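Q: Coordinates in model-v2.cif, mmCIF, C-alpha atoms and all ligand atoms, are listed below.
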```cif
data_work
#
loop_
_atom_site.label_atom_id
_atom_site.label_comp_id
_atom_site.auth_asym_id
_atom_site.auth_seq_id
_atom_site.Cartn_x
_atom_site.Cartn_y
_atom_site.Cartn_z
CA MET A 1 -13.55 28.82 -7.28
CA SER A 2 -9.88 29.69 -7.88
CA GLN A 3 -8.41 29.79 -11.42
CA ALA A 4 -6.38 26.62 -10.75
CA SER A 5 -9.37 24.67 -9.50
CA ALA A 6 -11.53 25.98 -12.35
CA ASN A 7 -8.92 24.68 -14.83
CA LEU A 8 -8.79 21.36 -13.03
CA SER A 9 -12.54 21.09 -13.05
CA ARG A 10 -12.70 21.79 -16.82
CA GLU A 11 -10.01 19.17 -17.47
CA ALA A 12 -11.81 16.65 -15.29
CA THR A 13 -15.09 17.27 -17.12
CA ALA A 14 -13.39 16.89 -20.48
CA GLN A 15 -11.81 13.60 -19.38
CA HIS A 16 -15.12 12.42 -18.06
CA ALA A 17 -16.69 12.99 -21.46
CA THR A 18 -14.24 10.55 -23.10
CA ALA A 19 -15.45 7.06 -22.24
CA ARG A 20 -12.56 4.91 -20.98
CA GLU A 21 -12.21 1.29 -22.03
CA PRO A 22 -12.13 -0.98 -18.96
CA ILE A 23 -8.89 -2.86 -18.33
CA GLU A 24 -10.90 -5.65 -16.70
CA ALA A 25 -14.64 -6.14 -16.30
CA GLY A 26 -17.08 -8.93 -15.61
CA ASP A 27 -18.81 -11.13 -13.09
CA PRO A 28 -17.09 -10.98 -9.64
CA ALA A 29 -17.92 -14.65 -9.11
CA SER A 30 -15.66 -15.72 -11.97
CA ASP A 31 -12.45 -13.95 -10.83
CA ALA A 32 -12.06 -12.87 -7.20
CA ARG A 33 -8.55 -11.51 -7.83
CA ALA A 34 -9.81 -9.19 -10.58
CA LEU A 35 -12.54 -7.98 -8.21
CA ARG A 36 -9.88 -7.29 -5.56
CA ARG A 37 -7.88 -5.27 -8.10
CA CYS A 38 -11.04 -3.31 -8.94
CA LEU A 39 -11.70 -2.60 -5.23
CA GLY A 40 -8.05 -1.54 -4.89
CA GLN A 41 -8.82 1.45 -7.16
CA PHE A 42 -10.36 3.00 -4.05
CA PRO A 43 -7.56 4.45 -1.88
CA THR A 44 -7.62 4.03 1.89
CA GLY A 45 -5.47 4.83 4.88
CA VAL A 46 -3.87 2.05 6.91
CA THR A 47 -4.61 1.29 10.55
CA VAL A 48 -3.49 -1.26 13.09
CA VAL A 49 -6.43 -2.54 15.14
CA THR A 50 -5.56 -4.13 18.48
CA ALA A 51 -7.28 -5.65 21.50
CA ARG A 52 -6.47 -7.42 24.75
CA ASN A 53 -8.49 -10.56 25.43
CA GLY A 54 -7.50 -11.70 28.92
CA GLU A 55 -3.73 -12.25 28.73
CA ARG A 56 -3.68 -12.34 24.94
CA LEU A 57 -2.86 -9.36 22.73
CA VAL A 58 -4.13 -9.34 19.15
CA GLY A 59 -3.38 -6.84 16.42
CA MET A 60 -3.58 -6.64 12.66
CA ALA A 61 -3.14 -4.22 9.77
CA VAL A 62 -6.56 -3.06 8.58
CA ASN A 63 -7.61 -0.84 5.69
CA SER A 64 -11.35 -1.54 5.89
CA PHE A 65 -11.63 1.01 8.72
CA ALA A 66 -14.25 3.75 8.15
CA ALA A 67 -15.98 6.50 10.06
CA VAL A 68 -19.72 5.88 10.51
CA SER A 69 -21.31 8.51 12.75
CA LEU A 70 -20.34 11.58 14.79
CA VAL A 71 -23.30 11.52 17.24
CA PRO A 72 -23.08 8.91 18.58
CA PRO A 73 -19.36 8.49 17.67
CA LEU A 74 -19.23 5.24 15.68
CA VAL A 75 -16.57 3.65 13.48
CA LEU A 76 -16.32 0.27 11.77
CA TRP A 77 -13.85 -2.19 10.27
CA SER A 78 -14.18 -5.71 8.97
CA ILE A 79 -12.22 -8.82 9.85
CA ARG A 80 -11.87 -12.02 7.85
CA ARG A 81 -13.98 -14.71 9.57
CA GLU A 82 -11.06 -17.13 9.20
CA SER A 83 -8.58 -14.76 10.85
CA SER A 84 -6.80 -16.35 13.80
CA SER A 85 -7.62 -13.17 15.79
CA ALA A 86 -11.37 -13.00 15.02
CA GLN A 87 -12.56 -14.76 18.20
CA ASP A 88 -10.26 -12.68 20.42
CA PHE A 89 -11.59 -9.42 18.94
CA LEU A 90 -15.17 -10.58 19.55
CA GLN A 91 -14.47 -11.75 23.11
CA ALA A 92 -12.38 -8.70 24.09
CA GLY A 93 -15.41 -6.44 23.61
CA HIS A 94 -13.11 -3.44 23.02
CA TYR A 95 -10.59 -2.49 20.39
CA ALA A 96 -8.15 0.32 19.63
CA VAL A 97 -7.48 1.76 16.18
CA SER A 98 -4.08 3.34 15.46
CA VAL A 99 -4.02 5.30 12.18
CA LEU A 100 -0.54 4.81 10.72
CA ALA A 101 1.79 7.62 9.67
CA ASP A 102 3.55 7.68 6.30
CA ASP A 103 6.82 6.41 7.87
CA GLN A 104 5.17 3.24 9.25
CA VAL A 105 5.17 0.96 6.19
CA GLU A 106 7.28 -1.67 7.97
CA LEU A 107 4.90 -1.66 10.89
CA SER A 108 1.97 -2.19 8.53
CA GLN A 109 3.81 -5.11 6.93
CA LEU A 110 4.58 -6.58 10.35
CA PHE A 111 0.94 -6.37 11.44
CA GLY A 112 -0.18 -7.58 8.01
CA SER A 113 1.65 -10.83 8.75
CA SER A 114 1.17 -13.54 11.37
CA HIS A 115 4.56 -12.75 12.94
CA PRO A 116 4.44 -14.09 16.53
CA GLU A 117 6.53 -11.19 17.93
CA ARG A 118 4.52 -8.32 16.43
CA PHE A 119 4.12 -6.57 19.79
CA GLU A 120 7.67 -7.27 21.05
CA ARG A 121 9.01 -5.55 17.92
CA THR A 122 6.76 -2.50 18.23
CA ARG A 123 6.64 0.47 20.58
CA TRP A 124 3.16 0.72 22.09
CA GLN A 125 1.36 1.68 25.27
CA ALA A 126 -1.64 0.04 26.89
CA GLY A 127 -4.80 2.12 26.48
CA LEU A 128 -8.33 1.60 27.77
CA HIS A 129 -9.03 -2.05 28.64
CA GLY A 130 -5.38 -2.85 27.89
CA ALA A 131 -5.70 -2.51 24.09
CA PRO A 132 -2.26 -1.51 22.68
CA LEU A 133 -1.92 1.98 21.18
CA ILE A 134 0.83 2.09 18.55
CA GLU A 135 3.45 4.81 19.09
CA GLY A 136 4.09 7.13 16.15
CA ALA A 137 0.54 6.74 14.79
CA ILE A 138 -1.25 9.94 13.75
CA ALA A 139 -4.52 9.05 15.53
CA HIS A 140 -5.78 6.69 18.21
CA LEU A 141 -9.44 5.72 18.58
CA GLU A 142 -10.34 3.57 21.57
CA CYS A 143 -13.65 1.81 21.08
CA ARG A 144 -16.22 -0.36 22.79
CA LEU A 145 -17.42 -3.10 20.46
CA GLU A 146 -21.06 -2.21 19.94
CA GLN A 147 -22.39 -4.29 17.05
CA VAL A 148 -21.19 -7.20 14.95
CA HIS A 149 -22.72 -7.64 11.49
CA GLU A 150 -22.43 -10.51 9.04
CA GLY A 151 -20.50 -9.47 5.94
CA GLY A 152 -20.00 -12.55 3.78
CA ASP A 153 -16.53 -13.94 4.46
CA HIS A 154 -15.93 -10.99 6.86
CA LEU A 155 -17.51 -9.74 10.10
CA ILE A 156 -18.18 -6.01 10.44
CA LEU A 157 -17.24 -4.70 13.88
CA VAL A 158 -18.94 -1.40 14.75
CA GLY A 159 -17.28 0.39 17.66
CA HIS A 160 -18.40 3.27 19.89
CA VAL A 161 -15.44 5.65 20.29
CA GLU A 162 -14.77 6.17 24.01
CA ARG A 163 -11.58 8.24 23.65
CA TYR A 164 -9.55 9.65 20.77
CA ALA A 165 -6.22 11.41 20.24
CA ARG A 166 -4.89 13.15 17.14
CA PHE A 167 -1.16 13.71 16.49
CA GLU A 168 0.94 15.71 14.05
CA GLY A 169 1.88 13.86 10.86
CA ALA A 170 0.81 12.66 7.42
CA PRO A 171 -1.10 9.41 6.82
CA LEU A 172 0.15 6.25 5.16
CA LEU A 173 -2.05 5.41 2.15
CA PHE A 174 -2.85 2.13 0.42
CA THR A 175 -4.17 1.90 -3.13
CA GLN A 176 -3.86 -0.40 -6.17
CA GLY A 177 -2.00 -2.88 -3.96
CA HIS A 178 0.69 -0.34 -2.97
CA TYR A 179 1.58 1.94 -0.13
CA GLY A 180 1.55 5.64 -0.90
CA VAL A 181 1.85 9.08 0.59
CA ALA A 182 -0.59 11.99 0.37
CA GLN A 183 0.36 15.05 -1.59
CA GLU A 184 -1.65 18.08 -2.59
CA HIS A 185 -2.89 17.79 -6.16
CA PRO A 186 -0.34 19.64 -8.34
CA ALA A 187 -3.10 21.28 -10.40
CA LEU A 188 -4.42 22.92 -7.22
CA ALA A 189 -1.09 24.41 -6.16
CA GLU A 190 -1.79 28.12 -6.63
CA THR A 191 1.77 29.41 -6.49
CA LEU A 192 4.96 27.63 -7.37
CA PRO A 193 7.92 28.09 -5.00
CA PRO A 194 10.64 30.40 -6.34
CA SER A 195 13.49 28.73 -8.24
CA GLY A 196 17.05 29.69 -9.15
CA PRO A 197 20.32 29.67 -7.21
CA ASP A 198 19.25 32.37 -4.72
CA ALA A 199 15.86 30.92 -3.96
CA ALA A 200 15.18 28.87 -0.84
CA PRO A 201 15.55 25.11 -1.46
CA LEU A 202 12.35 23.55 -2.88
CA LEU A 203 12.51 20.61 -0.51
CA SER A 204 13.68 20.45 3.06
CA ASP A 205 16.00 17.53 3.93
CA ALA A 206 13.15 15.94 5.87
CA GLU A 207 10.84 16.07 2.83
CA LEU A 208 13.40 14.46 0.55
CA LEU A 209 12.58 10.85 1.48
CA ARG A 210 8.87 11.40 0.96
CA GLN A 211 9.53 13.01 -2.41
CA LEU A 212 11.74 10.08 -3.48
CA VAL A 213 8.95 7.62 -2.65
CA TYR A 214 6.38 9.82 -4.38
CA ALA A 215 8.47 10.17 -7.56
CA SER A 216 9.04 6.41 -7.68
CA GLN A 217 5.30 5.75 -7.32
CA ARG A 218 4.39 8.34 -9.96
CA LEU A 219 6.80 6.78 -12.46
CA SER A 220 5.59 3.27 -11.66
CA LEU A 221 1.92 4.22 -12.15
CA ASP A 222 2.73 6.15 -15.31
CA PHE A 223 4.59 3.11 -16.71
CA GLU A 224 1.49 0.93 -16.13
CA SER A 225 0.15 1.28 -19.71
CA HIS A 226 3.50 0.02 -21.09
CA ARG A 227 3.33 -3.03 -18.81
CA GLN A 228 -0.26 -3.66 -19.81
CA ALA A 229 0.69 -3.60 -23.47
CA LEU A 230 2.91 -6.60 -22.66
CA GLY A 231 0.19 -8.37 -20.64
CA LEU A 232 1.84 -7.59 -17.28
CA ASP A 233 1.02 -5.68 -14.14
CA MET A 234 3.47 -4.21 -11.62
CA PRO A 235 3.83 -7.31 -9.36
CA MET A 236 4.28 -9.59 -12.40
CA SER A 237 6.90 -7.31 -13.83
CA ARG A 238 8.83 -7.11 -10.52
CA LEU A 239 8.69 -10.92 -10.17
CA LEU A 240 9.97 -11.34 -13.74
CA ASN A 241 12.80 -8.97 -12.93
CA ARG A 242 13.83 -10.93 -9.83
CA LEU A 243 13.49 -14.31 -11.54
CA LEU A 244 15.81 -13.18 -14.32
CA GLU A 245 18.61 -13.47 -11.72
CA GLY A 246 17.76 -17.17 -11.30
CA ALA A 247 15.38 -19.62 -9.62
CA CYS A 248 13.92 -18.57 -6.27
CA GLU A 249 11.87 -19.96 -3.37
CA ARG A 250 8.30 -18.62 -3.38
CA ALA A 251 8.74 -17.43 0.23
CA GLU A 252 11.88 -15.45 -0.70
CA LEU A 253 10.21 -13.63 -3.61
CA GLY A 254 8.21 -11.26 -1.38
CA ARG A 255 11.34 -10.08 0.41
CA ALA A 256 13.29 -9.66 -2.83
CA THR A 257 10.55 -7.69 -4.62
CA TYR A 258 9.03 -5.73 -1.68
CA LEU A 259 5.63 -7.16 -2.65
CA GLU A 260 2.91 -8.21 -0.21
CA PRO A 261 2.27 -12.00 0.03
CA GLU A 262 -1.05 -11.60 -1.83
CA GLU A 263 0.65 -9.68 -4.62
CA VAL A 264 3.29 -12.41 -4.94
CA ALA A 265 0.55 -15.07 -5.13
CA ASP A 266 -1.47 -13.06 -7.70
CA GLY A 267 1.64 -12.18 -9.72
CA LEU A 268 2.88 -15.79 -9.86
CA ALA A 269 -0.62 -17.00 -10.83
CA GLY A 270 -0.71 -14.41 -13.66
CA LEU A 271 2.77 -15.36 -14.92
CA GLU A 272 1.89 -19.05 -14.76
CA GLN A 273 -1.32 -18.51 -16.73
CA GLN A 274 0.76 -17.00 -19.53
CA GLY A 275 3.30 -19.84 -19.47
CA LEU A 276 6.12 -17.57 -18.29
CA LEU A 277 7.10 -19.72 -15.26
CA CYS A 278 8.42 -23.23 -14.60
CA HIS A 279 8.23 -25.12 -11.31
CA ARG A 280 11.38 -27.02 -10.38
CA ASP A 281 11.47 -30.33 -8.50
CA ASP A 282 13.16 -28.60 -5.52
CA GLY A 283 10.08 -26.35 -5.10
CA GLN A 284 11.70 -23.22 -6.57
CA VAL A 285 10.19 -21.27 -9.47
CA GLU A 286 12.12 -20.03 -12.50
CA LEU A 287 11.45 -18.29 -15.79
CA SER A 288 10.49 -20.32 -18.85
CA ALA A 289 12.05 -19.36 -22.21
CA ALA A 290 8.89 -17.32 -22.93
CA GLY A 291 9.33 -15.66 -19.52
CA ARG A 292 12.88 -14.58 -20.37
CA GLU A 293 11.67 -13.15 -23.67
CA ARG A 294 8.92 -11.20 -21.96
CA GLN A 295 11.39 -9.88 -19.37
CA ALA A 296 13.66 -8.66 -22.18
CA ALA A 297 10.67 -6.90 -23.79
CA ILE A 298 9.62 -5.16 -20.57
CA SER A 299 13.12 -4.02 -19.72
CA GLY A 300 13.52 -2.68 -23.29
CA SER A 301 10.26 -0.82 -22.88
CA ALA A 302 11.37 0.53 -19.47
CA GLY A 303 14.64 1.71 -21.04
CA HIS A 304 12.79 3.69 -23.73
CA TYR A 305 10.33 5.06 -21.22
CA MET A 306 13.04 6.35 -18.86
CA LYS A 307 15.06 7.80 -21.74
CA ASP A 308 12.00 9.72 -22.81
CA LYS A 309 11.30 10.97 -19.26
CA LEU A 310 14.89 11.89 -18.48
CA GLY A 311 15.28 13.58 -21.88
CA GLN A 312 13.40 16.53 -20.39
CA ILE A 313 16.04 17.06 -17.67
CA ALA A 314 19.27 19.01 -18.10
CA GLU A 315 22.34 16.75 -18.42
CA ALA A 316 24.20 18.33 -15.49
CA ASP A 317 21.15 17.94 -13.22
CA LEU A 318 20.81 14.33 -14.28
CA ALA A 319 24.47 13.55 -13.58
CA ALA A 320 24.17 15.12 -10.11
CA PHE A 321 20.94 13.21 -9.46
CA LYS A 322 22.58 9.89 -10.39
CA ARG A 323 25.52 10.61 -8.07
CA VAL A 324 23.14 11.41 -5.21
CA LEU A 325 21.06 8.27 -5.81
CA LEU A 326 24.17 6.08 -5.86
CA ALA A 327 25.47 7.70 -2.68
CA LEU A 328 22.13 7.22 -0.89
CA GLY A 329 22.00 3.56 -1.96
CA GLN A 330 25.41 2.76 -0.43
CA ASP A 331 25.54 0.94 2.91
C1 LIG B 1 -2.63 -2.82 4.23
C2 LIG B 1 -3.36 -4.02 4.78
C3 LIG B 1 -4.71 -3.93 5.06
C4 LIG B 1 -5.41 -5.01 5.58
N1 LIG B 1 -6.74 -4.89 5.88
C5 LIG B 1 -7.42 -5.92 6.41
C6 LIG B 1 -8.78 -5.78 6.81
O1 LIG B 1 -9.39 -4.74 6.68
N2 LIG B 1 -9.41 -6.87 7.37
C7 LIG B 1 -8.77 -8.08 7.53
O2 LIG B 1 -9.39 -9.03 8.02
N3 LIG B 1 -7.45 -8.24 7.17
C8 LIG B 1 -6.77 -7.19 6.63
N4 LIG B 1 -5.45 -7.33 6.31
C9 LIG B 1 -4.80 -8.61 6.51
C10 LIG B 1 -4.44 -8.82 7.98
O3 LIG B 1 -3.64 -7.77 8.49
C11 LIG B 1 -3.68 -10.18 8.09
O4 LIG B 1 -4.50 -11.16 7.54
C12 LIG B 1 -3.41 -10.57 9.50
O5 LIG B 1 -2.58 -9.69 10.16
C13 LIG B 1 -2.73 -11.95 9.50
O6 LIG B 1 -3.24 -12.70 10.54
P1 LIG B 1 -4.42 -13.75 10.32
O7 LIG B 1 -4.02 -14.62 9.16
O8 LIG B 1 -4.50 -14.48 11.58
O9 LIG B 1 -5.65 -12.96 10.00
C14 LIG B 1 -4.74 -6.25 5.80
C15 LIG B 1 -3.36 -6.33 5.52
C16 LIG B 1 -2.68 -5.23 5.03
C17 LIG B 1 -1.19 -5.33 4.77
#
```
Could you render the structure as structure tokens?
Ligand SMILES: Cc1cc2nc3c(=O)[nH]c(=O)nc-3n(C[C@H](O)[C@H](O)[C@H](O)COP(=O)(O)O)c2cc1C

A:
Amino acid sequence: MSQASANLSREATAQHATAREPIEAGDPASDARALRRCLGQFPTGVTVVTARNGERLVGMAVNSFAAVSLVPPLVLWSIRRESSSAQDFLQAGHYAVSVLADDQVELSQLFGSSHPERFERTRWQAGLHGAPLIEGAIAHLECRLEQVHEGGDHLILVGHVERYARFEGAPLLFTQGHYGVAQEHPALAETLPPSGPDAAPLLSDAELLRQLVYASQRLSLDFESHRQALGLDMPMSRLLNRLLEGACERAELGRATYLEPEEVADGLAGLEQQGLLCHRDDGQVELSAAGRERQAAISGSAGHYMKDKLGQIAEADLAAFKRVLLALGQD
């Protein structure tokens, strides 16, 4: 074992020894949303599973995909029984899995919706049995539907892989209700790249976007304990932030906050439970007085948090960073 991984292992063991208090716990039957949040602690990749049933193409974003067996080559995924595509997937008898790359978040969102023009808006090619293979994916697995198992409100579709293809690229990840990117664990990085004016740049231009997303996710996860102290989670806090600007249609909130429809529904339910929302006669939602107070508290907390974080960075670097961020954000 290397020194870095030995250190990591010691730290992990030490952490393990300290019992953590659960944030939520209980009987799954009493709160399905809390159970979903618990399951979301397990990170997955994101795939788009497609099929052709006669003249009809079906396709949906899927993160329940898993490898089952190498010999014979089997994979599985599960589909909601109530899904409008369930019957087509069963009747088609074949399906194709496209494993999405880290620059395919929009595609995942498109196939996570019931948008009628999903395929018209996507570059794909017909594979075996006409099942669409998504371009830009990092892997394709073309499967014959071999077994269907009951799985409560889902059906488990086991497929025999007939053909596969692997491409260059990094996977898109999904965890704790958010998209993410994979990065080597910093504690395992044996050697740091050289720094200083003469050293090669730490990040290539192409890596910059990924690093921006990664930094934003790290900060957001790190800020979680501050939100929790105020009885909020990330979706609730983003919704509060948007609603501070004024009343909003429920349908518009997802677009304005970059949250998934389920996150918007969960977030609004959580805010409502705490009396932070009002429903207007015209169907829009707005903040109650208590909601505005809570929003002020969270933005105060965010201000302190960022000040603390940025305090560790040299002033000149920070000024340059702000200029770059503003320039990148301009149309
Ligand atoms: C990241 C992500 C993963 C998903 N995983 C699954 C899944 O494993 N099984 C499933 O039935 N639906 C899953 N969905 C939801 C479906 O993609 C979505 O319900 C479907 O595209 C909408 O059509 P429908 O309402 O007809 O099912 C997922 C959505 C997203 C965004």

Q: List all protein, DNA and RNA residues that have any atom at most 6 Å from ligand LIG 1 (chain B), counting only C-alpha atoms and all ligand atoms, and write the list as an MDAnalysis selection string.

A: chainID A and resid 46 60:64 78:80 83:85 108:109 111:114

Q: Env of segment 143-153 of chain A: 12 Å cut, atoms = all atoms listed in the file, seq-sep filter 6 positions within chain, self excluded. Answer as an NGL selection string.

A: :A and (49-51 or 72-83 or 86-98 or 127-133 or 159-164)

Q: Could you name the residues that touch segment 37-42 of chain A at 10 Å or less, counting all atoms listed in the file, but leaving out those on the same chain fewer than 2 positions away, as an MDAnalysis selection string?

A: chainID A and resid 23:25 28 32:35 44 174:178

Q: Please identify all polymer residues within 10 Å of segment 239-243 of chain A, counting all atoms listed in the file, omitting same-chain residues fewer than 3 positions from it, and present them as a PyMOL selection string.

A: chain A and resi 232+234-236+246-248+253-254+256-259+263-264+267-268+271+276-277+285-288+291-292+294-296+298-299

Q: Take atom CA of Gly231 of chain A and atom CA of Glu21 of chain A and report the distance between them in Å, one decimal.

A: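 Calculated distance between atom CA of Gly231 of chain A and atom CA of Glu21 of chain A is 15.8 Å.
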
Q: For Ser220 of chain A, please output as a VMD selection string all residues within 12 Å (counting all atoms listed in the file; exclusion window: fewer than 4 positions along the same chain).

A: chain A and resid 176 178 180 213 to 216 224 to 227 233 to 235 237 to 238 302 305 to 306

Q: If you measure from atom CA of Leu57 of chain A to atom CA of His154 of chain A, what distance in Å do you get, rounded to one decimal?

A: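 Going from atom CA of Leu57 of chain A over to atom CA of His154 of chain A covers 20.6 Å.
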
Q: List the neighbours of Phe167 of chain A out to 12 Å using only C-alpha atoms; skip same-chain residues closer than 5 positions along the sequence, and give me the result as a list in words.

A: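 Residues near the query, excluding close chain neighbours: Ser98, Val99, Leu100, Ala101, Ile134, Glu135, Gly136, Ala137, Ile138, Ala139, His140 and Leu141 of chain A.
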
Q: Mind giving me the straight-line distance from atom CA of Gly270 of chain A to atom CA of Ala251 of chain A in Å, one decimal?

A: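 Separation between atom CA of Gly270 of chain A and atom CA of Ala251 of chain A: 17.1 Å.
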
Q: Which is closer to Leu110 of chain A than all the others in A:Val48, A:Val158, A:Ala170, A:Leu219, using all atoms listed in the file?

A: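 For Leu110 of chain A, the nearest of the given residues is A:Val48.
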
Q: Could you add whatever atoms are missing so that segment 297-310 of chain A carries N, CA, C and O atoms, then write the result as a PDB file, in the coordinates of the input?

A:
```pdb
ATOM      1  N   ALA A 297      11.553  -7.904 -23.158  1.00  0.00           N
ATOM      2  CA  ALA A 297      10.670  -6.900 -23.790  1.00  0.00           C
ATOM      3  C   ALA A 297      10.332  -5.798 -22.789  1.00  0.00           C
ATOM      4  O   ALA A 297      10.375  -4.610 -23.126  1.00  0.00           O
ATOM      5  N   ILE A 298      10.033  -6.190 -21.543  1.00  0.00           N
ATOM      6  CA  ILE A 298       9.620  -5.160 -20.570  1.00  0.00           C
ATOM      7  C   ILE A 298      10.819  -4.285 -20.193  1.00  0.00           C
ATOM      8  O   ILE A 298      10.691  -3.082 -20.014  1.00  0.00           O
ATOM      9  N   SER A 299      12.010  -4.891 -20.105  1.00  0.00           N
ATOM     10  CA  SER A 299      13.120  -4.020 -19.720  1.00  0.00           C
ATOM     11  C   SER A 299      13.502  -3.106 -20.887  1.00  0.00           C
ATOM     12  O   SER A 299      13.894  -1.959 -20.668  1.00  0.00           O
ATOM     13  N   GLY A 300      13.309  -3.565 -22.138  1.00  0.00           N
ATOM     14  CA  GLY A 300      13.520  -2.680 -23.290  1.00  0.00           C
ATOM     15  C   GLY A 300      12.541  -1.516 -23.245  1.00  0.00           C
ATOM     16  O   GLY A 300      12.906  -0.354 -23.435  1.00  0.00           O
ATOM     17  N   SER A 301      11.294  -1.844 -22.931  1.00  0.00           N
ATOM     18  CA  SER A 301      10.260  -0.820 -22.880  1.00  0.00           C
ATOM     19  C   SER A 301      10.557   0.176 -21.758  1.00  0.00           C
ATOM     20  O   SER A 301      10.399   1.395 -21.931  1.00  0.00           O
ATOM     21  N   ALA A 302      11.032  -0.352 -20.602  1.00  0.00           N
ATOM     22  CA  ALA A 302      11.370   0.530 -19.470  1.00  0.00           C
ATOM     23  C   ALA A 302      12.519   1.454 -19.853  1.00  0.00           C
ATOM     24  O   ALA A 302      12.534   2.639 -19.499  1.00  0.00           O
ATOM     25  N   GLY A 303      13.487   0.914 -20.602  1.00  0.00           N
ATOM     26  CA  GLY A 303      14.640   1.710 -21.040  1.00  0.00           C
ATOM     27  C   GLY A 303      14.174   2.897 -21.885  1.00  0.00           C
ATOM     28  O   GLY A 303      14.582   4.043 -21.660  1.00  0.00           O
ATOM     29  N   HIS A 304      13.287   2.616 -22.863  1.00  0.00           N
ATOM     30  CA  HIS A 304      12.790   3.690 -23.730  1.00  0.00           C
ATOM     31  C   HIS A 304      12.000   4.719 -22.937  1.00  0.00           C
ATOM     32  O   HIS A 304      12.124   5.924 -23.132  1.00  0.00           O
ATOM     33  N   TYR A 305      11.187   4.185 -22.021  1.00  0.00           N
ATOM     34  CA  TYR A 305      10.330   5.060 -21.220  1.00  0.00           C
ATOM     35  C   TYR A 305      11.181   6.042 -20.403  1.00  0.00           C
ATOM     36  O   TYR A 305      10.949   7.242 -20.406  1.00  0.00           O
ATOM     37  N   MET A 306      12.214   5.489 -19.714  1.00  0.00           N
ATOM     38  CA  MET A 306      13.040   6.350 -18.860  1.00  0.00           C
ATOM     39  C   MET A 306      13.833   7.354 -19.698  1.00  0.00           C
ATOM     40  O   MET A 306      14.012   8.501 -19.306  1.00  0.00           O
ATOM     41  N   LYS A 307      14.298   6.894 -20.871  1.00  0.00           N
ATOM     42  CA  LYS A 307      15.060   7.800 -21.740  1.00  0.00           C
ATOM     43  C   LYS A 307      14.190   9.007 -22.115  1.00  0.00           C
ATOM     44  O   LYS A 307      14.627  10.154 -22.080  1.00  0.00           O
ATOM     45  N   ASP A 308      12.949   8.684 -22.443  1.00  0.00           N
ATOM     46  CA  ASP A 308      12.000   9.720 -22.810  1.00  0.00           C
ATOM     47  C   ASP A 308      11.783  10.695 -21.649  1.00  0.00           C
ATOM     48  O   ASP A 308      11.824  11.916 -21.815  1.00  0.00           O
ATOM     49  N   LYS A 309      11.561  10.135 -20.449  1.00  0.00           N
ATOM     50  CA  LYS A 309      11.300  10.970 -19.260  1.00  0.00           C
ATOM     51  C   LYS A 309      12.512  11.841 -18.940  1.00  0.00           C
ATOM     52  O   LYS A 309      12.398  13.024 -18.676  1.00  0.00           O
ATOM     53  N   LEU A 310      13.687  11.179 -18.923  1.00  0.00           N
ATOM     54  CA  LEU A 310      14.890  11.890 -18.480  1.00  0.00           C
ATOM     55  C   LEU A 310      15.376  12.879 -19.536  1.00  0.00           C
ATOM     56  O   LEU A 310      16.118  13.800 -19.237  1.00  0.00           O
TER      57      LEU A 310
END
```
